[in-house]
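Taking it in order: structure first as structure tokens, then the write-up.
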Amino acid sequence: MNKLIPSINSDTRIAIIAHVNPDGDSLGSIMALGLALMKRSNQVNIFLNDELPGRYSFLPEVHLLKKYQSNEFDDFDLCFVLDCGDDRRFGDIDLLVKSKEVINIDHHVSNNGFGDINFVRTDASSTCEIVYSIITEELEIQLDEKIATCLYTGIVTDTGNFRYESTTSYTHKVVAELLDFGVNIQEITFNLYQNNSLNSTKFLGHVLNQMEIYFNGKVAIITIDQDLLKEFDVKYEEVEGIINYARDIEGVEVAVIIKEATTDGEIKISFRSKKNYDVNELAKGFGGGGHKRASGATTKGTLTDVKESLLNKLEKMI
Ligand code: AMP
């Protein structure tokens, strides 16, 4: 088989990055690839500029994650960009400029094909599924329990516990192999789903109570501002997952959460759909992207303006 990734030795300087607001797939994939590449090179840097969300702190070796500061690092031979639909999604363009070869590994339909080497497979369930084949087939590096745990976490979170249509027989074959390396499902389930703070659970109840329903029950919208996060003392990252409750209501086709990301007017929008609507198109209208059934965008403005603009777009779509 022809290899796309240049050969890697102990001196190859490697950077690995993923998108801002990290989720299970981006964290699982950077950690899995990083741990695998460390078996070849002594110069692997796994960068994460956001704070590590608490629920993922169980992932093996996350103490290796470091912040990227352009004045601190020289150039890199290879820069692996994971789970990013475009080269602006991870925030620090400088790293790409400083790298001889940029390797784009992703599964978003909105991926714009940036980079020198491309592993973009829009039919893959997750970036972790692609990373699995890169590690085992392209790089021919042996998996171990830690790598398998990272890959499993990315796959289980991005497939909504194997419920989304992106889940294939191949996904299950990959997972079966990962389990043979000793992945502790019970431990992962506990950390991901059974350890929510009391505050975040009360917050969930509150925002679901405030949820607005439009277009004859087909659209559910939740808005969250910084004051509300402060009032309930929950972190921005703990909002992950709330949107699924809105999407899963009978009759709802599209669910949207509009969040005030910071106090300086940045708004993050998350979109989910069930069967009939392509929310990647909706996200594109706000400069974002993602998948047909799950997408997102970051924009500027007030919650009210963004909601109004969203309702106008939805009116044309629904
Ligand atoms: P989220 O709503 O943040 O969970 O994201 C849902 C999906 O949309 C994920 O696959 C994200 O990678 C993608 N996504 C979220 N925000 C953006 C953005 N600003 N631009 C492109 N894709 C995004």
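So you can find residues: chains in the structure tokens are A, B, ... in the order shown, residues in each start at 1, and ligands are numbered from 1 in order.
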Checklist line | Expected selection as a VMD selection string for ligand 1 within 7 Å, only C-alpha atoms and all ligand atoms | finding: chain A and resid 83 to 85 89 108 240 269 to 271 287 to 291 294 to 298
Item checked: Residue neighbourhood Ala220 (chain A), 8 Å, only C-alpha atoms, exclusion window fewer than 5 positions, as a ChimeraX atom specification -> /A:211-214,246-247,252,254-256
Next item on the list: Find the residues near Ser10 (chain A): any atom within 9 Å, counting only C-alpha atoms, skip ones fewer than 3 places away on the same chain, and give them as an MDAnalysis selection string.
Entry: chainID A and resid 13 38:43
Note to self: Need the shell around region 46-57 of chain A: protein/DNA/RNA residues with any atom at most 10 Å away, counting only C-alpha atoms. Skip same-chain ones fewer than 4 positions apart. Format as a VMD selection string?
What the structure shows: chain A and resid 14 to 24 27 to 28 30 to 31 33 to 35 61 to 69 79 to 80 90 to 92 150 153 188 190 to 196 235 to 238
Suppose we keep N, CA and C atoms; can you now write the selection as a CSV table (one decimal), in the first residue's frame?
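part.csv, written as the output of this step:
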chain,number,residue,atom,x,y,z
A,14,ILE,N,6.7,17.0,15.5
A,14,ILE,CA,5.3,16.8,15.2
A,14,ILE,C,4.4,17.7,16.1
A,15,ALA,N,3.4,18.3,15.4
A,15,ALA,CA,2.4,19.0,16.2
A,15,ALA,C,1.1,18.4,15.9
A,16,ILE,N,0.2,18.3,16.9
A,16,ILE,CA,-1.1,17.7,16.7
A,16,ILE,C,-2.1,18.7,17.3
A,17,ILE,N,-3.1,19.0,16.5
A,17,ILE,CA,-4.1,20.0,17.1
A,17,ILE,C,-5.5,19.6,16.6
A,18,ALA,N,-6.5,20.1,17.3
A,18,ALA,CA,-7.9,19.9,16.9
A,18,ALA,C,-8.7,21.2,17.1
A,19,HIS,N,-10.0,21.2,17.0
A,19,HIS,CA,-10.8,22.4,16.9
A,19,HIS,C,-11.0,23.0,18.3
A,20,VAL,N,-11.3,24.3,18.3
A,20,VAL,CA,-11.6,25.0,19.6
A,20,VAL,C,-12.9,24.3,20.2
A,21,ASN,N,-13.2,24.6,21.4
A,21,ASN,CA,-14.3,24.0,22.2
A,21,ASN,C,-14.3,22.5,22.0
A,22,PRO,N,-13.3,21.8,22.5
A,22,PRO,CA,-13.0,20.4,22.2
A,22,PRO,C,-14.2,19.5,22.7
A,23,ASP,N,-14.4,18.5,21.9
A,23,ASP,CA,-15.4,17.5,22.3
A,23,ASP,C,-14.7,16.1,22.3
A,24,GLY,N,-15.5,15.0,22.6
A,24,GLY,CA,-14.9,13.7,22.7
A,24,GLY,C,-14.1,13.2,21.5
A,27,LEU,N,-10.8,15.4,21.2
A,27,LEU,CA,-9.8,15.0,22.3
A,27,LEU,C,-9.4,13.6,22.1
A,28,GLY,N,-10.3,12.7,21.8
A,28,GLY,CA,-9.9,11.3,21.7
A,28,GLY,C,-9.0,11.1,20.5
A,30,ILE,N,-6.9,13.4,19.0
A,30,ILE,CA,-5.5,14.0,19.2
A,30,ILE,C,-4.7,13.1,20.2
A,31,MET,N,-5.4,12.7,21.3
A,31,MET,CA,-4.6,11.9,22.2
A,31,MET,C,-4.2,10.5,21.7
A,33,LEU,N,-3.8,9.6,18.5
A,33,LEU,CA,-2.7,9.8,17.4
A,33,LEU,C,-1.4,10.2,18.1
A,34,GLY,N,-1.5,11.1,19.1
A,34,GLY,CA,-0.3,11.5,19.8
A,34,GLY,C,0.4,10.4,20.5
A,35,LEU,N,-0.4,9.6,21.2
A,35,LEU,CA,0.2,8.4,21.9
A,35,LEU,C,0.8,7.4,21.0
A,61,GLU,N,-3.2,10.0,29.9
A,61,GLU,CA,-2.1,10.8,29.6
A,61,GLU,C,-2.5,12.3,29.2
A,62,VAL,N,-3.6,12.8,29.7
A,62,VAL,CA,-4.0,14.1,29.2
A,62,VAL,C,-3.1,15.2,29.8
A,63,HIS,N,-2.2,14.8,30.8
A,63,HIS,CA,-1.3,15.7,31.3
A,63,HIS,C,-0.3,16.1,30.3
A,64,LEU,N,-0.2,15.4,29.2
A,64,LEU,CA,0.7,15.7,28.1
A,64,LEU,C,0.2,16.9,27.2
A,65,LEU,N,-1.1,17.2,27.3
A,65,LEU,CA,-1.6,18.3,26.5
A,65,LEU,C,-0.9,19.6,26.9
A,66,LYS,N,-0.6,20.4,25.9
A,66,LYS,CA,0.0,21.7,26.3
A,66,LYS,C,-0.5,22.8,25.4
A,67,LYS,N,-0.4,24.0,25.9
A,67,LYS,CA,-0.9,25.2,25.2
A,67,LYS,C,0.1,25.5,24.1
A,68,TYR,N,-0.4,25.9,23.0
A,68,TYR,CA,0.5,26.4,21.9
A,68,TYR,C,0.8,27.9,22.0
A,69,GLN,N,2.0,28.3,22.1
A,69,GLN,CA,2.4,29.7,22.1
A,69,GLN,C,3.4,29.9,21.0
A,79,CYS,N,2.3,18.7,10.8
A,79,CYS,CA,1.3,19.2,11.7
A,79,CYS,C,0.0,18.4,11.3
A,80,PHE,N,-0.5,17.7,12.3
A,80,PHE,CA,-1.8,16.9,12.1
A,80,PHE,C,-2.9,17.8,12.6
A,90,PHE,N,-9.3,25.8,14.5
A,90,PHE,CA,-8.5,25.6,15.7
A,90,PHE,C,-7.9,26.8,16.3
A,91,GLY,N,-8.1,27.9,15.6
A,91,GLY,CA,-7.8,29.2,16.2
A,91,GLY,C,-6.4,29.8,15.9
A,92,ASP,N,-5.3,28.9,15.7
A,92,ASP,CA,-4.0,29.5,15.6
A,92,ASP,C,-3.3,29.1,14.3
A,150,CYS,N,-8.9,6.1,24.1
A,150,CYS,CA,-9.1,7.4,23.5
A,150,CYS,C,-10.0,7.3,22.2
A,153,THR,N,-13.6,6.5,23.1
A,153,THR,CA,-14.3,7.7,23.6
A,153,THR,C,-14.8,8.6,22.4
A,188,ILE,N,-15.7,4.6,31.3
A,188,ILE,CA,-15.9,5.6,30.3
A,188,ILE,C,-17.3,6.1,30.5
A,190,PHE,N,-19.3,6.0,33.1
A,190,PHE,CA,-19.4,6.8,34.3
A,190,PHE,C,-18.9,8.2,34.1
A,191,ASN,N,-17.7,8.4,33.5
A,191,ASN,CA,-17.1,9.7,33.4
A,191,ASN,C,-17.9,10.6,32.4
A,192,LEU,N,-18.4,10.0,31.3
A,192,LEU,CA,-19.1,10.8,30.3
A,192,LEU,C,-20.5,11.1,30.7
A,193,TYR,N,-21.2,10.2,31.3
A,193,TYR,CA,-22.7,10.3,31.5
A,193,TYR,C,-23.2,10.2,32.9
A,194,GLN,N,-22.4,9.7,33.8
A,194,GLN,CA,-23.0,9.5,35.2
A,194,GLN,C,-22.3,10.2,36.3
A,195,ASN,N,-21.7,11.4,35.9
A,195,ASN,CA,-21.0,12.1,36.9
A,195,ASN,C,-21.3,13.6,36.7
A,196,ASN,N,-22.5,14.0,36.3
A,196,ASN,CA,-22.9,15.4,36.1
A,196,ASN,C,-23.0,16.1,37.4
A,235,LYS,N,-20.2,25.6,34.0
A,235,LYS,CA,-19.3,26.1,33.0
A,235,LYS,C,-19.9,25.9,31.7
A,236,TYR,N,-19.4,26.7,30.7
A,236,TYR,CA,-19.9,26.7,29.4
A,236,TYR,C,-19.8,25.3,28.8
A,237,GLU,N,-18.8,24.6,29.1
A,237,GLU,CA,-18.6,23.2,28.5
A,237,GLU,C,-19.7,22.3,29.0
A,238,GLU,N,-20.3,22.6,30.2
A,238,GLU,CA,-21.3,21.6,30.7
A,238,GLU,C,-22.6,21.7,30.0
Item checked: Residue among A:Lys292, A:Asn244, A:Val81, A:Phe203 lying closest to Gly113 (chain A), counting only C-alpha atoms -> A:Val81
Margin query: Which of region 30-234 of chain A end up as strand (DSSP E or B) when DSSP is run on this backbone - answer as a ChimeraX atom specification?
Written below: /A:44-47,66,76-82,99-106,117-120,212-214,219-224
Notebook entry, point to check: Any idea what's packed within 12 Å of region 170-177 of chain A, counting only C-alpha atoms, ignoring anything in its chain fewer than 5 positions away? Could you give it as a PyMOL selection string?
Noted result: chain A and resi 123-133+136+143-145+147-156+158-159+161-165+182-183+185
Notebook entry, point to check: Quick one: of A:Val306, A:Leu178, A:Leu204, A:Met317, who's nearest to Val219 (chain A), counting only C-alpha atoms?
Noted result: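 Selected residue with least distance to Val219 (chain A): A:Met317.
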Notebook entry, point to check: Where does DSSP see alpha helix (DSSP H) in region 75-214 of chain A, if you list the residues as a PyMOL selection string?
Noted result: chain A and resi 94-97+127-133+145-158+169-179+185-193+198-210
